[in-house]
Amino acid sequence: MTEARRQTEVLQVNTRCPAAADLLPAALALKAGGLVAFPTETVYGLGADATNPAAVAAIFVAKGRPADNPLIVHVASVDAALALTQDVPAAARVLMQRFWPGPLTLVLPRAAGVPDIVTAGLATVAVRMPDHPVALALIQQAGVPLAAPSANRSGRPSPTRAEHVLEDLDGRIDFVLDAGPTGVGLESTVIDLSVDPPVLLRPGGITTEMLCAAIGPILISPGVDDDHAVDRPASPGLKYAHYAPQAELVLVEGPFTRMVDVVRELIHEYRQEGRRVGVLASHESRGQYAATVVLELGSRQQPAQMAAALFACLRAFDHHGVDVIIAEGVPPDGIGQAIMNRLRKAAGGRICRVEDPQTG
Ligand code: TXA
Ligand code: MG
């Protein structure tokens, strides 16, 4: 497909109570095969009519996304999800009841009508009902399920504000619905229910602890809690570079006080090499660092706030023009599992593990 230049129009919409008239141009564009970026509770998505293969193909072109990486189909009801899937196990119904609308994507055997381009030819389809009034209203008004990846250029941090969408996709899509910053800030949890036991493919706002409490034990896919390069990953998206700011990112993991010491040592080393150093710090540690730029993700007591701020901070380092970013790790439980998953991917293997002096 050729890369047609498009005029991108930003529509301001009310977050809690979007007016049908404000969404109308975007809904009409979707029906006509266009591309619309819209807010969800996780990140902004880039939507197209999931039943229109040409429209879906344009998503891959706009993002520069590899064609073998399938898309999530967004629906406004459980029934719409059931129409796209088949052989839905009881555990999937439990999760829909408990966590939808919400930041949880279910991978299920696909129904015959789902276009190949949406699922990259897989026998499964990923479905999710987002918990955002604008997303739900747009899906309803368009009258079709929306295939929607995160609305960033492939490999970049996902957008949590309309401005981030424009940074990456201005001139490549038809509309951006601007309803302010998203809430969760990290993409949805993805769990594969086409296998038994279910497999967590991507951690997110619905935590592993919440999933296990609802449906019992699940498996964790390789690559979720480690920086394992997987040749044949369960989720095609797991093998691509992700969330990368322009500067290289080094992740430091370990017990807090040791970690702070190591970050300080690294800052010193990089500065001696004449590099501009950015540090992704926490409220508790930011005063410890004499770097070129120190950005605070939030308090370690409030990991959900750290999650919400992560992608905007990664993008902010681009504007500061640093050469290297040193990021502090966080404890990998609850939403911390998702934060660490994204930081490890952003680090692309540049991880410094600090031993606990007691156990190490
Ligand atoms: O929160 C979110 O999920 C956001 C918003 C817009 O809803 N969307 C999002 O989409 O993050 P995307 O395309 O950036 O990530 C979708 C992930 C990819 O890792 C993809 O490989 C995986 O879901 N995926 C999609 N369909 C799949 C399938 N049938 N089997 C396994 N993995 C699948
Ligand atoms: Mg994405």
# chains A, B, ... in the order shown; residues from 1 in each chain; ligands from 1
>>> residues_near_ligand(ligand="ligand 1", cutoff="8 Å", atoms="only C-alpha atoms and all ligand atoms", output="ChimeraX atom specification")
/A:38-46,69-72,74,103-105,107-108,118-120,122-128,130,148-151,158,186-190,192,201-202,234-238
>>> closest_atom_pairs(of="segment 152-226 of chain A", to="segment 19-31 of chain A", cutoff="12 Å", atoms="only C-alpha atoms", output="Markdown table")
| residue | atom | partner | partner_atom | distance |
| --- | --- | --- | --- | --- |
| A:Ile173 | CA | A:Ala29 | CA | 10.4 |
| A:Asp174 | CA | A:Ala29 | CA | 7.5 |
| A:Phe175 | CA | A:Ala26 | CA | 6.3 |
| A:Val176 | CA | A:Ala26 | CA | 8.3 |
| A:Leu177 | CA | A:Leu23 | CA | 7.9 |
| A:Asp178 | CA | A:Leu23 | CA | 10.7 |
| A:Ala179 | CA | A:Leu23 | CA | 11.4 |
>>> write_last_selection(atoms="C-alpha atoms", output="PDB file, in the first residue's frame")
ATOM      1  CA  ILE A 173      -3.954   9.447  10.212  1.00  0.00           C
ATOM      2  CA  ASP A 174      -7.323  11.203   9.833  1.00  0.00           C
ATOM      3  CA  PHE A 175      -8.360  12.183  13.374  1.00  0.00           C
ATOM      4  CA  VAL A 176      -7.113  12.316  16.943  1.00  0.00           C
ATOM      5  CA  LEU A 177      -9.758  12.467  19.661  1.00  0.00           C
ATOM      6  CA  ASP A 178      -8.165  14.479  22.479  1.00  0.00           C
ATOM      7  CA  ALA A 179      -9.664  13.704  25.882  1.00  0.00           C
TER       8      ALA A 179
END
>>> select_by_dssp(residues="segment 83-286 of chain A", states="strand (DSSP E)", output="PDB file with N, CA, C and O atoms, in the first residue's frame")
ATOM      1  N   LEU A 104      -7.886  -5.300  30.222  1.00  0.00           N
ATOM      2  CA  LEU A 104      -7.602  -6.737  30.073  1.00  0.00           C
ATOM      3  C   LEU A 104      -7.990  -7.192  28.674  1.00  0.00           C
ATOM      4  O   LEU A 104      -9.136  -7.003  28.246  1.00  0.00           O
ATOM      5  N   THR A 105      -7.021  -7.784  27.963  1.00  0.00           N
ATOM      6  CA  THR A 105      -7.238  -8.313  26.617  1.00  0.00           C
ATOM      7  C   THR A 105      -7.208  -9.833  26.672  1.00  0.00           C
ATOM      8  O   THR A 105      -6.298 -10.414  27.270  1.00  0.00           O
ATOM      9  N   LEU A 106      -8.208 -10.471  26.061  1.00  0.00           N
ATOM     10  CA  LEU A 106      -8.303 -11.928  26.052  1.00  0.00           C
ATOM     11  C   LEU A 106      -7.993 -12.452  24.657  1.00  0.00           C
ATOM     12  O   LEU A 106      -8.579 -11.990  23.669  1.00  0.00           O
ATOM     13  N   VAL A 107      -7.071 -13.394  24.571  1.00  0.00           N
ATOM     14  CA  VAL A 107      -6.769 -14.070  23.301  1.00  0.00           C
ATOM     15  C   VAL A 107      -7.586 -15.360  23.270  1.00  0.00           C
ATOM     16  O   VAL A 107      -7.482 -16.191  24.173  1.00  0.00           O
ATOM     17  N   LEU A 108      -8.429 -15.482  22.243  1.00  0.00           N
ATOM     18  CA  LEU A 108      -9.390 -16.592  22.137  1.00  0.00           C
ATOM     19  C   LEU A 108      -9.409 -17.119  20.703  1.00  0.00           C
ATOM     20  O   LEU A 108      -9.014 -16.403  19.768  1.00  0.00           O
ATOM     21  N   PRO A 109      -9.891 -18.368  20.510  1.00  0.00           N
ATOM     22  CA  PRO A 109     -10.033 -18.856  19.139  1.00  0.00           C
ATOM     23  C   PRO A 109     -10.932 -17.907  18.350  1.00  0.00           C
ATOM     24  O   PRO A 109     -11.943 -17.432  18.858  1.00  0.00           O
ATOM     25  N   THR A 124      -6.166 -17.376  16.481  1.00  0.00           N
ATOM     26  CA  THR A 124      -6.769 -16.692  17.624  1.00  0.00           C
ATOM     27  C   THR A 124      -6.963 -15.207  17.321  1.00  0.00           C
ATOM     28  O   THR A 124      -6.351 -14.672  16.402  1.00  0.00           O
ATOM     29  N   VAL A 125      -7.816 -14.570  18.122  1.00  0.00           N
ATOM     30  CA  VAL A 125      -7.994 -13.116  18.024  1.00  0.00           C
ATOM     31  C   VAL A 125      -7.948 -12.535  19.444  1.00  0.00           C
ATOM     32  O   VAL A 125      -8.428 -13.167  20.392  1.00  0.00           O
ATOM     33  N   ALA A 126      -7.363 -11.352  19.565  1.00  0.00           N
ATOM     34  CA  ALA A 126      -7.306 -10.662  20.857  1.00  0.00           C
ATOM     35  C   ALA A 126      -8.477  -9.683  20.933  1.00  0.00           C
ATOM     36  O   ALA A 126      -8.682  -8.894  20.010  1.00  0.00           O
ATOM     37  N   VAL A 127      -9.254  -9.754  22.023  1.00  0.00           N
ATOM     38  CA  VAL A 127     -10.418  -8.867  22.174  1.00  0.00           C
ATOM     39  C   VAL A 127     -10.369  -8.152  23.520  1.00  0.00           C
ATOM     40  O   VAL A 127      -9.903  -8.711  24.512  1.00  0.00           O
ATOM     41  N   ARG A 128     -10.883  -6.906  23.505  1.00  0.00           N
ATOM     42  CA  ARG A 128     -10.885  -6.147  24.759  1.00  0.00           C
ATOM     43  C   ARG A 128     -11.992  -5.104  24.719  1.00  0.00           C
ATOM     44  O   ARG A 128     -12.257  -4.495  23.678  1.00  0.00           O
ATOM     45  N   LEU A 146     -13.404  -2.138  16.572  1.00  0.00           N
ATOM     46  CA  LEU A 146     -12.231  -1.381  16.106  1.00  0.00           C
ATOM     47  C   LEU A 146     -10.935  -2.137  16.397  1.00  0.00           C
ATOM     48  O   LEU A 146     -10.623  -2.432  17.555  1.00  0.00           O
ATOM     49  N   ALA A 147     -10.205  -2.462  15.334  1.00  0.00           N
ATOM     50  CA  ALA A 147      -8.845  -2.961  15.503  1.00  0.00           C
ATOM     51  C   ALA A 147      -7.993  -1.773  15.899  1.00  0.00           C
ATOM     52  O   ALA A 147      -8.038  -0.737  15.232  1.00  0.00           O
ATOM     53  N   PHE A 175      -7.920  11.428  12.190  1.00  0.00           N
ATOM     54  CA  PHE A 175      -8.360  12.183  13.374  1.00  0.00           C
ATOM     55  C   PHE A 175      -7.629  11.713  14.629  1.00  0.00           C
ATOM     56  O   PHE A 175      -7.239  10.546  14.734  1.00  0.00           O
ATOM     57  N   VAL A 176      -7.488  12.661  15.571  1.00  0.00           N
ATOM     58  CA  VAL A 176      -7.113  12.316  16.943  1.00  0.00           C
ATOM     59  C   VAL A 176      -8.208  12.866  17.840  1.00  0.00           C
ATOM     60  O   VAL A 176      -8.513  14.061  17.796  1.00  0.00           O
ATOM     61  N   LEU A 177      -8.808  12.006  18.654  1.00  0.00           N
ATOM     62  CA  LEU A 177      -9.758  12.467  19.661  1.00  0.00           C
ATOM     63  C   LEU A 177      -8.964  12.788  20.923  1.00  0.00           C
ATOM     64  O   LEU A 177      -8.351  11.896  21.516  1.00  0.00           O
ATOM     65  N   ASP A 178      -8.952  14.058  21.316  1.00  0.00           N
ATOM     66  CA  ASP A 178      -8.165  14.479  22.479  1.00  0.00           C
ATOM     67  C   ASP A 178      -9.082  14.576  23.691  1.00  0.00           C
ATOM     68  O   ASP A 178      -9.934  15.455  23.765  1.00  0.00           O
ATOM     69  N   THR A 189      -3.276  -5.683  30.097  1.00  0.00           N
ATOM     70  CA  THR A 189      -2.832  -7.051  30.341  1.00  0.00           C
ATOM     71  C   THR A 189      -3.325  -7.920  29.183  1.00  0.00           C
ATOM     72  O   THR A 189      -4.469  -7.787  28.765  1.00  0.00           O
ATOM     73  N   VAL A 190      -2.462  -8.800  28.653  1.00  0.00           N
ATOM     74  CA  VAL A 190      -2.897  -9.733  27.606  1.00  0.00           C
ATOM     75  C   VAL A 190      -2.746 -11.158  28.135  1.00  0.00           C
ATOM     76  O   VAL A 190      -1.653 -11.552  28.566  1.00  0.00           O
ATOM     77  N   ILE A 191      -3.852 -11.929  28.106  1.00  0.00           N
ATOM     78  CA  ILE A 191      -3.811 -13.315  28.567  1.00  0.00           C
ATOM     79  C   ILE A 191      -4.399 -14.224  27.487  1.00  0.00           C
ATOM     80  O   ILE A 191      -5.447 -13.915  26.908  1.00  0.00           O
ATOM     81  N   ASP A 192      -3.679 -15.313  27.208  1.00  0.00           N
ATOM     82  CA  ASP A 192      -4.103 -16.272  26.186  1.00  0.00           C
ATOM     83  C   ASP A 192      -4.967 -17.346  26.845  1.00  0.00           C
ATOM     84  O   ASP A 192      -4.473 -18.124  27.674  1.00  0.00           O
ATOM     85  N   VAL A 199      -2.141 -18.471  29.619  1.00  0.00           N
ATOM     86  CA  VAL A 199      -0.772 -17.934  29.664  1.00  0.00           C
ATOM     87  C   VAL A 199      -0.808 -16.405  29.625  1.00  0.00           C
ATOM     88  O   VAL A 199      -1.415 -15.817  28.723  1.00  0.00           O
ATOM     89  N   LEU A 200      -0.143 -15.782  30.590  1.00  0.00           N
ATOM     90  CA  LEU A 200      -0.010 -14.316  30.574  1.00  0.00           C
ATOM     91  C   LEU A 200       1.026 -13.931  29.529  1.00  0.00           C
ATOM     92  O   LEU A 200       2.178 -14.345  29.606  1.00  0.00           O
ATOM     93  N   LEU A 201       0.606 -13.128  28.541  1.00  0.00           N
ATOM     94  CA  LEU A 201       1.516 -12.707  27.472  1.00  0.00           C
ATOM     95  C   LEU A 201       2.099 -11.322  27.734  1.00  0.00           C
ATOM     96  O   LEU A 201       3.191 -11.012  27.270  1.00  0.00           O
ATOM     97  N   ARG A 202       1.317 -10.470  28.407  1.00  0.00           N
ATOM     98  CA  ARG A 202       1.802  -9.109  28.695  1.00  0.00           C
ATOM     99  C   ARG A 202       1.174  -8.658  30.009  1.00  0.00           C
ATOM    100  O   ARG A 202      -0.054  -8.662  30.130  1.00  0.00           O
ATOM    101  N   LEU A 219       0.063 -19.556  33.651  1.00  0.00           N
ATOM    102  CA  LEU A 219       1.488 -19.593  33.324  1.00  0.00           C
ATOM    103  C   LEU A 219       1.917 -18.196  32.882  1.00  0.00           C
ATOM    104  O   LEU A 219       1.099 -17.410  32.403  1.00  0.00           O
ATOM    105  N   ILE A 220       3.192 -17.917  33.046  1.00  0.00           N
ATOM    106  CA  ILE A 220       3.739 -16.621  32.626  1.00  0.00           C
ATOM    107  C   ILE A 220       4.638 -16.884  31.416  1.00  0.00           C
ATOM    108  O   ILE A 220       5.565 -17.688  31.494  1.00  0.00           O
ATOM    109  N   GLU A 248      19.888   5.622  24.588  1.00  0.00           N
ATOM    110  CA  GLU A 248      19.868   4.254  25.118  1.00  0.00           C
ATOM    111  C   GLU A 248      19.525   4.302  26.601  1.00  0.00           C
ATOM    112  O   GLU A 248      19.842   5.263  27.295  1.00  0.00           O
ATOM    113  N   LEU A 249      18.805   3.285  27.035  1.00  0.00           N
ATOM    114  CA  LEU A 249      18.352   3.241  28.426  1.00  0.00           C
ATOM    115  C   LEU A 249      19.022   2.077  29.145  1.00  0.00           C
ATOM    116  O   LEU A 249      19.097   0.972  28.612  1.00  0.00           O
ATOM    117  N   VAL A 250      19.545   2.365  30.338  1.00  0.00           N
ATOM    118  CA  VAL A 250      20.158   1.331  31.176  1.00  0.00           C
ATOM    119  C   VAL A 250      19.281   1.175  32.411  1.00  0.00           C
ATOM    120  O   VAL A 250      18.968   2.155  33.092  1.00  0.00           O
ATOM    121  N   LEU A 251      18.861  -0.061  32.683  1.00  0.00           N
ATOM    122  CA  LEU A 251      17.993  -0.321  33.837  1.00  0.00           C
ATOM    123  C   LEU A 251      18.824  -0.881  34.973  1.00  0.00           C
ATOM    124  O   LEU A 251      19.615  -1.804  34.773  1.00  0.00           O
ATOM    125  N   VAL A 252      18.639  -0.319  36.176  1.00  0.00           N
ATOM    126  CA  VAL A 252      19.325  -0.836  37.361  1.00  0.00           C
ATOM    127  C   VAL A 252      18.278  -1.468  38.275  1.00  0.00           C
ATOM    128  O   VAL A 252      17.323  -0.810  38.681  1.00  0.00           O
ATOM    129  N   GLU A 253      18.459  -2.755  38.565  1.00  0.00           N
ATOM    130  CA  GLU A 253      17.498  -3.503  39.379  1.00  0.00           C
ATOM    131  C   GLU A 253      18.147  -3.945  40.669  1.00  0.00           C
ATOM    132  O   GLU A 253      19.284  -4.398  40.635  1.00  0.00           O
ATOM    133  N   VAL A 277      23.545  12.862  30.753  1.00  0.00           N
ATOM    134  CA  VAL A 277      22.909  11.732  31.434  1.00  0.00           C
ATOM    135  C   VAL A 277      21.532  12.124  31.972  1.00  0.00           C
ATOM    136  O   VAL A 277      21.390  13.119  32.684  1.00  0.00           O
ATOM    137  N   GLY A 278      20.521  11.328  31.629  1.00  0.00           N
ATOM    138  CA  GLY A 278      19.194  11.473  32.220  1.00  0.00           C
ATOM    139  C   GLY A 278      18.981  10.366  33.232  1.00  0.00           C
ATOM    140  O   GLY A 278      19.455   9.250  33.048  1.00  0.00           O
ATOM    141  N   VAL A 279      18.296  10.679  34.328  1.00  0.00           N
ATOM    142  CA  VAL A 279      17.960   9.624  35.301  1.00  0.00           C
ATOM    143  C   VAL A 279      16.449   9.599  35.491  1.00  0.00           C
ATOM    144  O   VAL A 279      15.810  10.633  35.662  1.00  0.00           O
ATOM    145  N   LEU A 280      15.901   8.390  35.430  1.00  0.00           N
ATOM    146  CA  LEU A 280      14.488   8.184  35.735  1.00  0.00           C
ATOM    147  C   LEU A 280      14.438   7.730  37.187  1.00  0.00           C
ATOM    148  O   LEU A 280      14.757   6.581  37.502  1.00  0.00           O
ATOM    149  N   ALA A 281      14.096   8.671  38.065  1.00  0.00           N
ATOM    150  CA  ALA A 281      14.211   8.450  39.506  1.00  0.00           C
ATOM    151  C   ALA A 281      12.824   8.344  40.136  1.00  0.00           C
ATOM    152  O   ALA A 281      11.803   8.440  39.455  1.00  0.00           O
TER     153      ALA A 281
END
>>> select_by_dssp(residues="segment 162-278 of chain A", states="helix (DSSP H, G or I)", output="VMD selection string")
chain A and resid 162 to 169 208 to 215 236 to 239 256 to 272
>>> closest_residue(among="A:Phe317, A:Thr207, A:Thr160, A:Gly155", to="ligand 2", atoms="only C-alpha atoms and all ligand atoms")
A:Gly155
>>> residues_around(residues="Ala111 of chain A", least_positions_apart="4", cutoff="7 Å", atoms="only C-alpha atoms", output="ChimeraX atom specification")
/A:84-86
>>> atom_distance(atom1="atom CA of Val36 of chain A", atom2="atom CA of Ile117 of chain A")
18.0 Å
>>> atom_distance(atom1="atom CA of Leu138 of chain A", atom2="atom CA of Thr15 of chain A")
12.0 Å
